[in-house]
file coords.cif (mmCIF, C-alpha atoms)
data_target
loop_
_atom_site.label_atom_id
_atom_site.label_comp_id
_atom_site.auth_asym_id
_atom_site.auth_seq_id
_atom_site.Cartn_x
_atom_site.Cartn_y
_atom_site.Cartn_z
CA MET K 1365 100.98 94.05 240.76
CA PRO K 1366 98.21 96.12 239.17
CA LEU K 1367 96.78 95.03 235.82
CA ILE K 1368 97.77 98.39 234.29
CA ARG K 1369 99.55 101.48 235.51
CA PRO K 1370 100.41 104.98 234.24
CA PHE K 1371 103.90 105.71 232.95
CA ALA K 1372 106.11 108.63 231.95
CA GLY K 1373 105.76 108.50 228.19
CA LEU K 1374 108.49 109.31 225.71
CA ARG K 1375 106.76 111.25 222.96
CA PRO K 1376 107.38 113.80 220.21
CA LEU K 1377 107.02 117.49 220.84
CA PRO K 1378 103.44 118.21 219.77
CA GLU K 1379 104.59 120.53 217.00
CA ARG K 1380 106.90 117.79 215.62
CA ALA K 1381 104.47 114.88 215.95
CA GLU K 1382 103.37 114.97 212.31
CA GLU K 1383 107.01 114.51 211.24
CA VAL K 1384 107.50 111.60 213.67
CA VAL K 1385 104.45 109.32 213.63
CA ALA K 1386 104.72 106.40 211.23
CA PRO K 1387 102.95 103.17 210.30
CA PRO K 1388 103.65 100.18 212.57
CA TYR K 1389 106.90 98.39 211.85
CA ASP K 1390 105.25 95.18 210.62
CA VAL K 1391 102.96 96.56 207.90
CA LEU K 1392 105.76 97.80 205.62
CA ASN K 1393 108.66 95.92 204.09
CA SER K 1394 112.09 97.54 204.06
CA ALA K 1395 111.72 99.04 200.58
CA GLU K 1396 108.30 100.51 201.39
CA ALA K 1397 109.61 101.92 204.67
CA LYS K 1398 112.58 103.54 202.93
CA GLU K 1399 110.30 105.20 200.40
CA ARG K 1400 107.86 106.34 203.10
CA ALA K 1401 110.68 107.89 205.17
CA LYS K 1402 112.30 109.64 202.20
CA ASP K 1403 113.01 113.30 203.03
CA LYS K 1404 111.58 112.72 206.54
CA PRO K 1405 114.61 112.67 208.87
CA TRP K 1406 112.45 112.44 212.01
CA SER K 1407 110.11 109.69 210.85
CA PHE K 1408 109.87 106.98 213.49
CA LEU K 1409 110.64 104.49 210.72
CA HIS K 1410 114.30 105.40 211.29
CA ILE K 1411 113.88 103.72 214.69
CA SER K 1412 111.39 100.95 213.94
CA LYS K 1413 112.90 99.99 210.55
CA ALA K 1414 116.47 101.21 210.89
CA GLU K 1415 117.72 99.00 208.05
CA ILE K 1416 116.49 101.81 205.78
CA ASP K 1417 119.58 103.78 206.90
CA LEU K 1418 122.00 100.94 206.14
CA PRO K 1419 123.20 99.37 202.87
CA GLU K 1420 120.37 97.85 200.85
CA GLU K 1421 121.53 94.26 201.28
CA THR K 1422 121.43 94.53 205.10
CA ASP K 1423 119.38 91.78 206.75
CA PRO K 1424 116.63 93.40 208.91
CA TYR K 1425 117.72 91.07 211.75
CA ASP K 1426 121.41 92.03 211.54
CA PRO K 1427 122.81 93.35 214.86
CA ALA K 1428 123.75 96.53 213.02
CA VAL K 1429 120.05 97.31 212.55
CA TYR K 1430 119.33 97.32 216.28
CA ALA K 1431 122.43 99.43 216.93
CA LYS K 1432 121.28 101.90 214.27
CA SER K 1433 117.83 102.04 215.89
CA ALA K 1434 119.42 103.00 219.18
CA GLU K 1435 121.63 105.59 217.47
CA ASN K 1436 118.63 107.14 215.71
CA LEU K 1437 116.61 107.22 218.94
CA GLN K 1438 119.45 108.97 220.76
CA LYS K 1439 119.70 111.52 217.94
CA MET K 1440 116.00 112.36 218.27
CA LEU K 1441 116.48 112.77 222.02
CA ASP K 1442 119.57 114.94 221.58
CA GLU K 1443 117.77 117.17 219.08
CA GLY K 1444 114.77 117.56 221.39
CA ILE K 1445 112.38 115.96 218.90
CA LEU K 1446 111.35 113.45 221.58
CA ILE K 1447 110.70 114.42 225.19
CA ARG K 1448 109.80 112.39 228.27
CA ASP K 1449 106.96 113.39 230.56
CA ASP K 1450 108.01 114.13 234.11
CA LYS K 1451 104.95 112.47 235.66
CA ASP K 1452 103.44 109.01 235.30
CA SER K 1453 100.32 109.49 233.21
CA TYR K 1454 97.75 107.66 231.19
CA TYR K 1455 96.98 108.79 227.65
CA ALA K 1456 93.91 108.61 225.44
CA TYR K 1457 94.26 107.66 221.79
CA ARG K 1458 91.49 108.07 219.23
CA LEU K 1459 91.56 106.61 215.73
CA ILE K 1460 89.19 107.78 213.00
CA MET K 1461 89.04 105.98 209.66
CA GLY K 1462 86.20 107.12 207.42
CA ASP K 1463 83.03 106.96 209.51
CA HIS K 1464 84.60 104.64 212.11
CA SER K 1465 85.91 106.06 215.40
CA GLN K 1466 87.41 104.37 218.47
CA ILE K 1467 88.98 105.84 221.59
CA GLY K 1468 91.15 103.86 223.96
CA LEU K 1469 93.57 104.10 226.85
CA VAL K 1470 97.37 104.08 226.53
CA ALA K 1471 98.81 102.32 229.57
CA ALA K 1472 101.59 100.06 230.78
CA ALA K 1473 100.13 96.55 231.12
CA SER K 1474 101.39 93.93 233.58
CA VAL K 1475 103.77 91.22 232.36
CA ALA K 1476 102.77 89.06 235.34
CA ASP K 1477 99.13 89.25 234.27
CA TYR K 1478 100.18 88.37 230.74
CA ASP K 1479 102.08 85.35 232.06
CA SER K 1480 99.12 84.24 234.22
CA ASN K 1481 96.68 84.70 231.29
CA ARG K 1482 94.66 87.49 232.87
CA ILE K 1483 95.82 89.31 229.73
CA ARG K 1484 94.51 86.70 227.37
CA LYS K 1485 96.03 85.45 224.12
CA HIS K 1486 94.55 83.84 221.03
CA GLU K 1487 97.56 83.22 218.74
CA TYR K 1488 100.79 81.26 218.69
CA THR K 1489 104.00 83.22 218.22
CA ARG K 1490 107.00 82.51 216.01
CA PRO K 1491 110.43 82.43 217.69
CA ALA K 1492 112.18 84.51 215.01
CA LYS K 1493 109.67 87.35 215.36
CA GLU K 1494 109.84 87.19 219.15
CA ASP K 1495 113.64 87.32 219.02
CA ASP K 1496 113.48 90.38 216.78
CA ARG K 1497 111.28 92.27 219.24
CA VAL K 1498 113.45 91.24 222.20
CA ARG K 1499 116.55 92.61 220.47
CA GLN K 1500 114.76 95.83 219.56
CA ILE K 1501 113.55 96.41 223.14
CA GLU K 1502 116.97 95.64 224.59
CA ALA K 1503 118.79 97.90 222.10
CA LEU K 1504 116.50 100.85 222.78
CA ASN K 1505 115.83 100.16 226.47
CA ALA K 1506 112.26 100.97 225.51
CA GLN K 1507 109.11 99.48 224.02
CA THR K 1508 108.16 101.53 220.99
CA GLY K 1509 105.46 99.37 219.37
CA PRO K 1510 102.22 99.27 221.40
CA VAL K 1511 100.26 96.05 221.88
CA LEU K 1512 96.63 96.42 220.83
CA LEU K 1513 94.39 95.23 223.68
CA ALA K 1514 90.64 95.14 224.27
CA TYR K 1515 88.48 95.30 227.37
CA LYS K 1516 84.87 94.29 227.62
CA SER K 1517 83.11 97.62 227.30
CA GLN K 1518 82.34 99.23 230.67
CA PRO K 1519 80.07 102.30 230.66
CA ASP K 1520 82.03 104.08 233.40
CA MET K 1521 85.39 103.53 231.72
CA ASP K 1522 84.04 104.38 228.27
CA ALA K 1523 82.61 107.61 229.68
CA ILE K 1524 85.97 108.69 231.13
CA LEU K 1525 87.61 108.36 227.73
CA GLU K 1526 84.77 110.12 225.94
CA LYS K 1527 85.04 112.99 228.42
CA VAL K 1528 88.79 113.28 227.78
CA ALA K 1529 88.01 113.51 224.06
CA THR K 1530 86.08 116.75 224.64
CA THR K 1531 89.29 118.49 225.78
CA GLU K 1532 92.15 119.94 223.76
CA PRO K 1533 94.44 117.16 222.45
CA LEU K 1534 98.23 117.13 222.59
CA VAL K 1535 98.44 115.79 219.05
CA ASP K 1536 95.97 115.60 216.16
CA VAL K 1537 97.47 114.39 212.88
CA THR K 1538 96.12 112.73 209.77
CA ALA K 1539 98.42 110.10 208.26
CA ASP K 1540 99.13 109.46 204.58
CA ASP K 1541 96.40 106.80 204.49
CA GLY K 1542 93.76 109.25 205.74
CA VAL K 1543 93.53 107.83 209.27
CA GLN K 1544 93.28 110.52 211.96
CA HIS K 1545 95.35 109.98 215.12
CA THR K 1546 94.40 112.11 218.13
CA PHE K 1547 96.25 111.91 221.45
CA TRP K 1548 95.57 113.31 224.93
CA ILE K 1549 97.47 113.19 228.22
CA ILE K 1550 95.61 112.14 231.38
CA ASN K 1551 97.63 113.33 234.38
CA ASP K 1552 94.93 114.27 236.89
CA ASP K 1553 95.49 112.16 240.02
CA ALA K 1554 91.81 111.49 240.65
CA THR K 1555 91.18 110.34 237.06
CA ILE K 1556 94.31 108.19 237.11
CA ALA K 1557 93.12 106.49 240.31
CA GLN K 1558 89.63 105.96 238.86
CA ILE K 1559 91.04 104.37 235.69
CA SER K 1560 93.44 102.13 237.61
CA GLN K 1561 90.69 100.86 239.89
CA GLY K 1562 88.29 100.36 237.00
CA PHE K 1563 90.75 98.05 235.27
CA GLU K 1564 91.67 96.31 238.51
CA ASP K 1565 88.00 95.31 238.81
CA MET K 1566 88.10 93.56 235.41
CA ASP K 1567 88.56 89.81 235.26
CA ALA K 1568 90.58 89.96 232.05
CA ILE K 1569 91.65 92.01 229.07
CA TYR K 1570 92.47 90.61 225.64
CA ILE K 1571 95.31 90.83 223.13
CA ALA K 1572 93.88 91.82 219.78
CA ASP K 1573 97.15 92.38 217.92
CA GLY K 1574 100.71 92.27 219.20
CA HIS K 1575 101.32 88.74 220.46
CA HIS K 1576 105.02 88.90 219.51
CA ARG K 1577 105.51 92.28 221.22
CA SER K 1578 103.88 91.10 224.45
CA ALA K 1579 105.77 87.79 224.43
CA ALA K 1580 109.01 89.69 223.88
CA ALA K 1581 108.20 92.03 226.78
CA SER K 1582 107.73 89.00 229.03
CA ARG K 1583 111.13 87.64 228.02
CA VAL K 1584 112.82 90.99 228.60
CA ALA K 1585 111.19 91.29 232.04
CA LYS K 1586 112.64 87.94 233.06
CA SER K 1587 116.09 88.83 231.74
CA MET K 1588 116.01 92.07 233.77
CA GLY K 1589 115.03 90.27 236.98
CA GLY K 1590 111.37 91.23 236.84
CA ASP K 1591 108.27 89.12 236.31
CA GLY K 1592 107.20 89.50 239.91
CA ASP K 1593 110.63 89.29 241.54
CA SER K 1594 110.66 93.07 241.79
CA ASN K 1595 107.07 93.27 243.07
CA GLY K 1596 106.13 95.11 239.92
CA ASN K 1597 108.33 98.10 240.63
CA GLN K 1598 110.42 97.92 237.47
CA ASN K 1599 109.23 99.48 234.25
CA SER K 1600 110.26 96.25 232.52
CA ASP K 1601 107.50 94.47 234.46
CA TYR K 1602 105.02 96.25 232.16
CA PHE K 1603 104.55 96.64 228.43
CA LEU K 1604 103.27 99.45 226.23
CA SER K 1605 99.62 98.95 225.28
CA VAL K 1606 96.59 100.71 223.87
CA ILE K 1607 93.33 99.29 225.24
CA TYR K 1608 90.00 99.85 223.46
CA PRO K 1609 86.46 98.88 224.42
CA HIS K 1610 85.68 95.70 222.51
CA ASN K 1611 82.55 97.12 220.90
CA GLN K 1612 84.48 99.98 219.26
CA MET K 1613 87.09 97.81 217.57
CA LYS K 1614 86.89 97.09 213.85
CA ILE K 1615 87.91 93.71 212.43
CA LEU K 1616 87.93 93.37 208.67
CA ASP K 1617 87.63 90.18 206.67
CA TYR K 1618 90.79 88.15 206.12
CA ASN K 1619 90.33 86.38 202.80
CA ARG K 1620 91.97 83.38 201.12
CA VAL K 1621 93.31 82.65 197.64
CA VAL K 1622 94.49 79.20 196.46
CA LYS K 1623 96.77 78.43 193.51
CA ASP K 1624 95.00 75.33 192.12
CA LEU K 1625 91.94 73.12 192.51
CA ASN K 1626 93.85 70.07 193.77
CA GLY K 1627 93.39 68.21 190.49
CA LEU K 1628 89.68 68.95 190.20
CA ASN K 1629 87.90 70.82 187.44
CA LYS K 1630 85.23 73.43 188.14
CA GLU K 1631 82.30 71.00 187.88
CA GLN K 1632 83.96 68.43 190.13
CA LEU K 1633 84.73 71.06 192.76
CA LEU K 1634 81.16 72.36 192.77
CA ALA K 1635 79.89 68.78 193.09
CA ARG K 1636 82.12 68.27 196.16
CA LEU K 1637 80.41 71.21 197.85
CA ASP K 1638 76.96 69.63 197.54
CA GLY K 1639 75.61 68.54 200.91
CA VAL K 1640 78.03 70.79 202.80
CA PHE K 1641 77.11 74.23 201.47
CA GLU K 1642 74.12 75.82 199.83
CA VAL K 1643 75.67 77.22 196.64
CA ASN K 1644 74.20 80.10 194.62
CA ALA K 1645 75.79 81.87 191.65
CA GLU K 1646 75.83 85.66 192.01
CA SER K 1647 76.11 88.47 189.48
CA ALA K 1648 78.41 90.62 191.63
CA ALA K 1649 81.27 90.19 194.09
CA VAL K 1650 80.11 88.48 197.28
CA SER K 1651 80.77 90.10 200.64
CA PRO K 1652 79.23 87.69 203.17
CA ASP K 1653 76.35 89.13 205.17
CA LYS K 1654 76.65 86.94 208.27
CA PRO K 1655 78.73 84.23 209.93
CA GLY K 1656 78.62 80.88 208.17
CA GLU K 1657 78.44 82.52 204.76
CA PHE K 1658 81.29 82.76 202.24
CA GLY K 1659 82.01 84.23 198.83
CA MET K 1660 83.80 82.06 196.27
CA TYR K 1661 85.33 83.39 193.03
CA LEU K 1662 86.11 80.76 190.42
CA ASP K 1663 86.53 80.99 186.64
CA GLY K 1664 85.19 84.56 186.49
CA GLN K 1665 82.07 83.73 188.52
CA TRP K 1666 81.13 84.63 192.09
CA TYR K 1667 79.19 82.19 194.26
CA ARG K 1668 77.61 82.62 197.68
CA LEU K 1669 78.21 79.61 199.94
CA ALA K 1670 76.16 79.03 203.11
CA ILE K 1671 77.31 76.17 205.29
CA LYS K 1672 74.65 73.75 206.48
CA PRO K 1673 73.74 74.82 210.05
CA GLU K 1674 74.05 71.28 211.39
CA LEU K 1675 77.75 71.29 210.41
CA ILE K 1676 78.58 74.21 212.74
CA PRO K 1677 80.02 72.71 215.95
CA ASN K 1678 79.48 74.10 219.43
CA ASP K 1679 83.14 74.99 219.94
CA PRO K 1680 84.74 78.45 220.09
CA VAL K 1681 87.51 77.62 217.60
CA ALA K 1682 85.83 75.09 215.30
CA SER K 1683 82.80 77.38 214.86
CA LEU K 1684 84.89 80.30 213.56
CA ASP K 1685 84.30 81.02 209.88
CA VAL K 1686 88.01 80.54 209.12
CA SER K 1687 87.76 77.07 210.72
CA LEU K 1688 84.52 76.17 208.95
CA LEU K 1689 86.03 77.04 205.58
CA ALA K 1690 89.26 75.18 206.35
CA ASP K 1691 87.61 72.08 207.81
CA ASN K 1692 84.86 71.72 205.19
CA LEU K 1693 86.49 72.95 201.98
CA ILE K 1694 90.11 74.05 202.00
CA GLU K 1695 91.45 70.86 203.62
CA PRO K 1696 89.11 68.08 202.39
CA VAL K 1697 88.53 69.46 198.89
CA LEU K 1698 91.62 71.52 198.08
CA GLY K 1699 94.05 69.39 200.08
CA ILE K 1700 95.62 72.12 202.23
CA SER K 1701 96.04 70.80 205.76
CA ASP K 1702 98.54 73.32 207.16
CA PRO K 1703 97.99 76.88 205.94
CA ARG K 1704 101.07 78.03 207.87
CA THR K 1705 103.42 76.07 205.66
CA ASP K 1706 101.56 75.27 202.41
CA ASN K 1707 102.60 77.75 199.70
CA ARG K 1708 99.49 76.97 197.65
CA ILE K 1709 97.44 79.29 199.88
CA ASP K 1710 97.80 82.99 200.50
CA PHE K 1711 95.88 85.54 202.58
CA VAL K 1712 94.48 88.91 201.58
CA GLY K 1713 93.50 91.52 204.15
CA GLY K 1714 90.03 92.97 203.71
CA ILE K 1715 91.44 96.49 203.49
CA ARG K 1716 92.47 95.58 199.91
CA GLY K 1717 88.88 94.91 198.83
CA LEU K 1718 87.25 92.10 196.86
CA GLY K 1719 88.72 93.46 193.64
CA GLU K 1720 92.10 92.18 194.81
CA LEU K 1721 90.69 88.64 194.95
CA GLU K 1722 89.34 88.93 191.42
CA LYS K 1723 92.66 90.36 190.20
CA ARG K 1724 94.72 87.51 191.60
CA VAL K 1725 92.44 84.84 190.12
CA ASP K 1726 91.88 86.55 186.76
CA SER K 1727 95.65 86.97 186.33
CA GLY K 1728 96.12 83.22 186.54
CA GLU K 1729 98.30 83.54 189.64
CA MET K 1730 95.55 81.88 191.69
CA ALA K 1731 92.73 79.52 190.74
CA ILE K 1732 90.12 80.29 193.37
CA ALA K 1733 89.39 82.92 196.04
CA PHE K 1734 87.21 83.02 199.14
CA SER K 1735 85.78 86.05 200.94
CA LEU K 1736 84.85 85.67 204.60
CA PHE K 1737 82.65 87.42 207.12
CA PRO K 1738 84.89 89.28 209.60
CA THR K 1739 85.65 87.53 212.88
CA ARG K 1740 83.72 89.17 215.69
CA MET K 1741 85.40 90.47 218.84
CA GLU K 1742 83.02 88.33 220.92
CA ALA K 1743 84.32 85.25 219.10
CA LEU K 1744 87.94 86.27 219.68
CA MET K 1745 87.29 86.74 223.39
CA ALA K 1746 85.49 83.39 223.62
CA VAL K 1747 88.52 81.65 222.14
CA ALA K 1748 90.87 83.44 224.54
CA ASP K 1749 88.60 82.68 227.52
CA ALA K 1750 88.72 78.99 226.57
CA ASN K 1751 92.54 79.19 226.54
CA GLU K 1752 92.53 78.17 222.89
CA VAL K 1753 94.20 79.66 219.81
CA MET K 1754 92.69 80.84 216.56
CA PRO K 1755 93.78 79.58 213.14
CA PRO K 1756 96.40 81.76 211.41
CA LYS K 1757 95.20 84.90 209.65
CA SER K 1758 91.85 85.02 211.45
CA THR K 1759 91.69 88.76 212.16
CA TRP K 1760 92.68 91.96 210.36
CA PHE K 1761 92.31 94.99 212.60
CA GLU K 1762 91.84 98.44 211.13
CA PRO K 1763 92.69 101.20 211.62
CA LYS K 1764 96.27 100.48 212.70
CA LEU K 1765 97.99 102.13 215.64
CA ALA K 1766 100.83 104.47 214.73
CA ASP K 1767 104.39 104.03 215.94
CA GLY K 1768 106.06 107.02 217.54
CA LEU K 1769 103.16 108.70 219.35
CA VAL K 1770 104.46 107.40 222.68
CA SER K 1771 107.08 104.92 223.89
CA HIS K 1772 107.63 103.18 227.24
CA VAL K 1773 111.16 103.55 228.62
CA LEU K 1774 112.41 100.69 230.80
CA ASP K 1775 114.76 102.52 233.16
#
call {"tool": "encode", "arguments": {"input": "coords.cif", "output": "structure tokens"}}
result
Amino acid sequence: MPLIRPFAGLRPLPERAEEVVAPPYDVLNSAEAKERAKDKPWSFLHISKAEIDLPEETDPYDPAVYAKSAENLQKMLDEGILIRDDKDSYYAYRLIMGDHSQIGLVAAASVADYDSNRIRKHEYTRPAKEDDRVRQIEALNAQTGPVLLAYKSQPDMDAILEKVATTEPLVDVTADDGVQHTFWIINDDATIAQISQGFEDMDAIYIADGHHRSAAASRVAKSMGGDGDSNGNQNSDYFLSVIYPHNQMKILDYNRVVKDLNGLNKEQLLARLDGVFEVNAESAAVSPDKPGEFGMYLDGQWYRLAIKPELIPNDPVASLDVSLLADNLIEPVLGISDPRTDNRIDFVGGIRGLGELEKRVDSGEMAIAFSLFPTRMEALMAVADANEVMPPKSTWFEPKLADGLVSHVLD
């Protein structure tokens, strides 16, 4: 089975794309999705968050939601809003957010290579979220949410995508959040063969975001008799993905806020940091300049913390900034040993800015906040290569892929 292959995408008519494309299903709650889809009958949110078309009290995991998703998808097909390409193709997908630009390949990625860890993971999954994605795929007979993947940048492959970007796109829309989504079809046989071989020569590619979607695809493949039994001939043996060169991807900081000081006062907490961190008070919000450096906001004051170099272990997981902060401060000083289950800690994506940290502490909701240096793609890949997992809330990728630009049908 090849690592990736082209597929006949299900996509909106180019002239209807702006009405269709929507934020990914997991960045909006039901109320936000309903508001975003208001007066937009063809928004893909009617498929990805179909509870917005059901009574308000409907549980998003209710079977009626998946049935409504399928009904809404069929309606968009019947009305000709969505069409399916008649030839297996690759697609190029460029995201522009401010001065940041990245262009990647839309492809069907191999479930068998996911199962064998050639498509490498770095996070645990939660059964309830996996189950949700399985039910959605089975109801639609399609994968509609792409998995965000990365490949180690290859000049030849990067050049192919950059060349595609000089041609006329199928779709070029700017979303409500200002992110520009541009989409091309790649259906030239020679280019398809060149791309397929280029990826076949790679040792591995990496999941950046979408562990639940890829795990669900693996489960669906097995239930449909795939996962190698069909020699990779079934569409269900592959999952929808967008693959970017690692050096174009943008990871933002993923910051922490904690409700209390674990019985300590400000002076006692600062004393506990002595010998572990170099601590300096700052006159402005602290955005760390490098790995091993942290911002701390406490009692209206920002501090810059630099961990002692000798305390940084030679280990791909333990040396991550999220691990250093957890192992040297959040657990031993603040008493939080399991951030997955302890409701004293919360996480704030860097897209919200450092002002959000100040707001949550100044309001009294939280007692202390920490800003982190963003995890680097090289660190993520090192963890995945070591067959390890990262702590929760280690990465926040921006810009986000849109739902609705293209889907992967399983029949």
call {"tool": "resolve_selection", "arguments": {"input": "coords.cif", "expression": "the PyMOL selection byres ((chain K and resi 1572) around 10)", "output": "ChimeraX atom specification"}}
result
/K:1484-1487,1511-1515,1569-1571,1573-1575,1607-1608,1610,1613,1615,1741,1744-1745,1759-1761
call {"tool": "write_last_selection", "arguments": {"input": "coords.cif", "atoms": "C-alpha atoms", "output": "PDB file, in the coordinates of the input"}}
result
ATOM      1  CA  ARG K1484      94.510  86.700 227.370  1.00  0.00           C
ATOM      2  CA  LYS K1485      96.030  85.450 224.120  1.00  0.00           C
ATOM      3  CA  HIS K1486      94.550  83.840 221.030  1.00  0.00           C
ATOM      4  CA  GLU K1487      97.560  83.220 218.740  1.00  0.00           C
ATOM      5  CA  VAL K1511     100.260  96.050 221.880  1.00  0.00           C
ATOM      6  CA  LEU K1512      96.630  96.420 220.830  1.00  0.00           C
ATOM      7  CA  LEU K1513      94.390  95.230 223.680  1.00  0.00           C
ATOM      8  CA  ALA K1514      90.640  95.140 224.270  1.00  0.00           C
ATOM      9  CA  TYR K1515      88.480  95.300 227.370  1.00  0.00           C
ATOM     10  CA  ILE K1569      91.650  92.010 229.070  1.00  0.00           C
ATOM     11  CA  TYR K1570      92.470  90.610 225.640  1.00  0.00           C
ATOM     12  CA  ILE K1571      95.310  90.830 223.130  1.00  0.00           C
ATOM     13  CA  ASP K1573      97.150  92.380 217.920  1.00  0.00           C
ATOM     14  CA  GLY K1574     100.710  92.270 219.200  1.00  0.00           C
ATOM     15  CA  HIS K1575     101.320  88.740 220.460  1.00  0.00           C
ATOM     16  CA  ILE K1607      93.330  99.290 225.240  1.00  0.00           C
ATOM     17  CA  TYR K1608      90.000  99.850 223.460  1.00  0.00           C
ATOM     18  CA  HIS K1610      85.680  95.700 222.510  1.00  0.00           C
ATOM     19  CA  MET K1613      87.090  97.810 217.570  1.00  0.00           C
ATOM     20  CA  ILE K1615      87.910  93.710 212.430  1.00  0.00           C
ATOM     21  CA  MET K1741      85.400  90.470 218.840  1.00  0.00           C
ATOM     22  CA  LEU K1744      87.940  86.270 219.680  1.00  0.00           C
ATOM     23  CA  MET K1745      87.290  86.740 223.390  1.00  0.00           C
ATOM     24  CA  THR K1759      91.690  88.760 212.160  1.00  0.00           C
ATOM     25  CA  TRP K1760      92.680  91.960 210.360  1.00  0.00           C
ATOM     26  CA  PHE K1761      92.310  94.990 212.600  1.00  0.00           C
TER      27      PHE K1761
END
call {"tool": "closest_residue", "arguments": {"input": "coords.cif", "among": "K:Asp1423, K:Glu1752, K:Glu1382, K:Asp1706", "to": "Asp1540 in chain K", "atoms": "all atoms listed in the file"}}
result
K:Glu1382
call {"tool": "closest_residue", "arguments": {"input": "coords.cif", "among": "K:Pro1763, K:Pro1755, K:Pro1387, K:Gly1639", "to": "Arg1704 in chain K", "atoms": "all atoms listed in the file"}}
result
K:Pro1755
call {"tool": "residues_around", "arguments": {"input": "coords.cif", "residues": "Val1681 in chain K", "least_positions_apart": "4", "cutoff": "7 Å", "atoms": "only C-alpha atoms", "output": "PyMOL selection string"}}
result
chain K and resi 1687+1747+1754
call {"tool": "atom_distance", "arguments": {"input": "coords.cif", "atom1": "CA of Glu1720 in chain K", "atom2": "CA of Arg1458 in chain K"}}
result
29.1 Å
call {"tool": "decode", "arguments": {"input": "coords.cif", "residues": "range 1394-1438 of chain K", "atoms": "C-alpha atoms", "output": "mmCIF file, in the first residue's frame"}}
result
data_model
loop_
_atom_site.group_PDB
_atom_site.id
_atom_site.type_symbol
_atom_site.label_atom_id
_atom_site.label_comp_id
_atom_site.auth_asym_id
_atom_site.auth_seq_id
_atom_site.Cartn_x
_atom_site.Cartn_y
_atom_site.Cartn_z
ATOM 1 C CA SER K 1394 -22.804 24.195 19.406
ATOM 2 C CA ALA K 1395 -24.030 27.707 20.237
ATOM 3 C CA GLU K 1396 -21.117 29.337 18.395
ATOM 4 C CA ALA K 1397 -21.663 27.065 15.388
ATOM 5 C CA LYS K 1398 -25.368 27.907 15.276
ATOM 6 C CA GLU K 1399 -24.615 31.623 15.302
ATOM 7 C CA ARG K 1400 -21.885 31.255 12.664
ATOM 8 C CA ALA K 1401 -24.219 29.305 10.347
ATOM 9 C CA LYS K 1402 -27.140 31.704 10.772
ATOM 10 C CA ASP K 1403 -28.586 32.670 7.368
ATOM 11 C CA LYS K 1404 -26.005 30.385 5.696
ATOM 12 C CA PRO K 1405 -27.968 27.325 4.509
ATOM 13 C CA TRP K 1406 -24.950 25.816 2.733
ATOM 14 C CA SER K 1407 -22.406 26.273 5.514
ATOM 15 C CA PHE K 1408 -20.547 23.027 6.127
ATOM 16 C CA LEU K 1409 -21.402 23.463 9.810
ATOM 17 C CA HIS K 1410 -24.778 21.927 8.935
ATOM 18 C CA ILE K 1411 -22.816 18.723 8.253
ATOM 19 C CA SER K 1412 -20.000 18.932 10.797
ATOM 20 C CA LYS K 1413 -22.168 20.301 13.656
ATOM 21 C CA ALA K 1414 -25.632 19.127 12.654
ATOM 22 C CA GLU K 1415 -27.018 19.562 16.180
ATOM 23 C CA ILE K 1416 -27.469 23.219 15.186
ATOM 24 C CA ASP K 1417 -30.466 22.071 13.099
ATOM 25 C CA LEU K 1418 -32.056 20.121 15.961
ATOM 26 C CA PRO K 1419 -33.726 21.226 19.215
ATOM 27 C CA GLU K 1420 -31.382 23.157 21.491
ATOM 28 C CA GLU K 1421 -31.240 20.491 24.187
ATOM 29 C CA THR K 1422 -29.997 17.844 21.713
ATOM 30 C CA ASP K 1423 -26.819 16.098 22.847
ATOM 31 C CA PRO K 1424 -24.124 16.510 20.127
ATOM 32 C CA TYR K 1425 -23.504 12.742 20.386
ATOM 33 C CA ASP K 1426 -27.176 11.796 19.929
ATOM 34 C CA PRO K 1427 -27.759 9.409 16.973
ATOM 35 C CA ALA K 1428 -30.134 12.006 15.550
ATOM 36 C CA VAL K 1429 -27.182 14.347 15.011
ATOM 37 C CA TYR K 1430 -25.334 11.901 12.758
ATOM 38 C CA ALA K 1431 -28.541 11.169 10.841
ATOM 39 C CA LYS K 1432 -29.079 14.909 10.356
ATOM 40 C CA SER K 1433 -25.498 15.272 9.107
ATOM 41 C CA ALA K 1434 -26.154 12.630 6.476
ATOM 42 C CA GLU K 1435 -29.450 14.276 5.514
ATOM 43 C CA ASN K 1436 -27.771 17.672 5.145
ATOM 44 C CA LEU K 1437 -24.939 16.200 3.068
ATOM 45 C CA GLN K 1438 -27.423 14.527 0.736
#
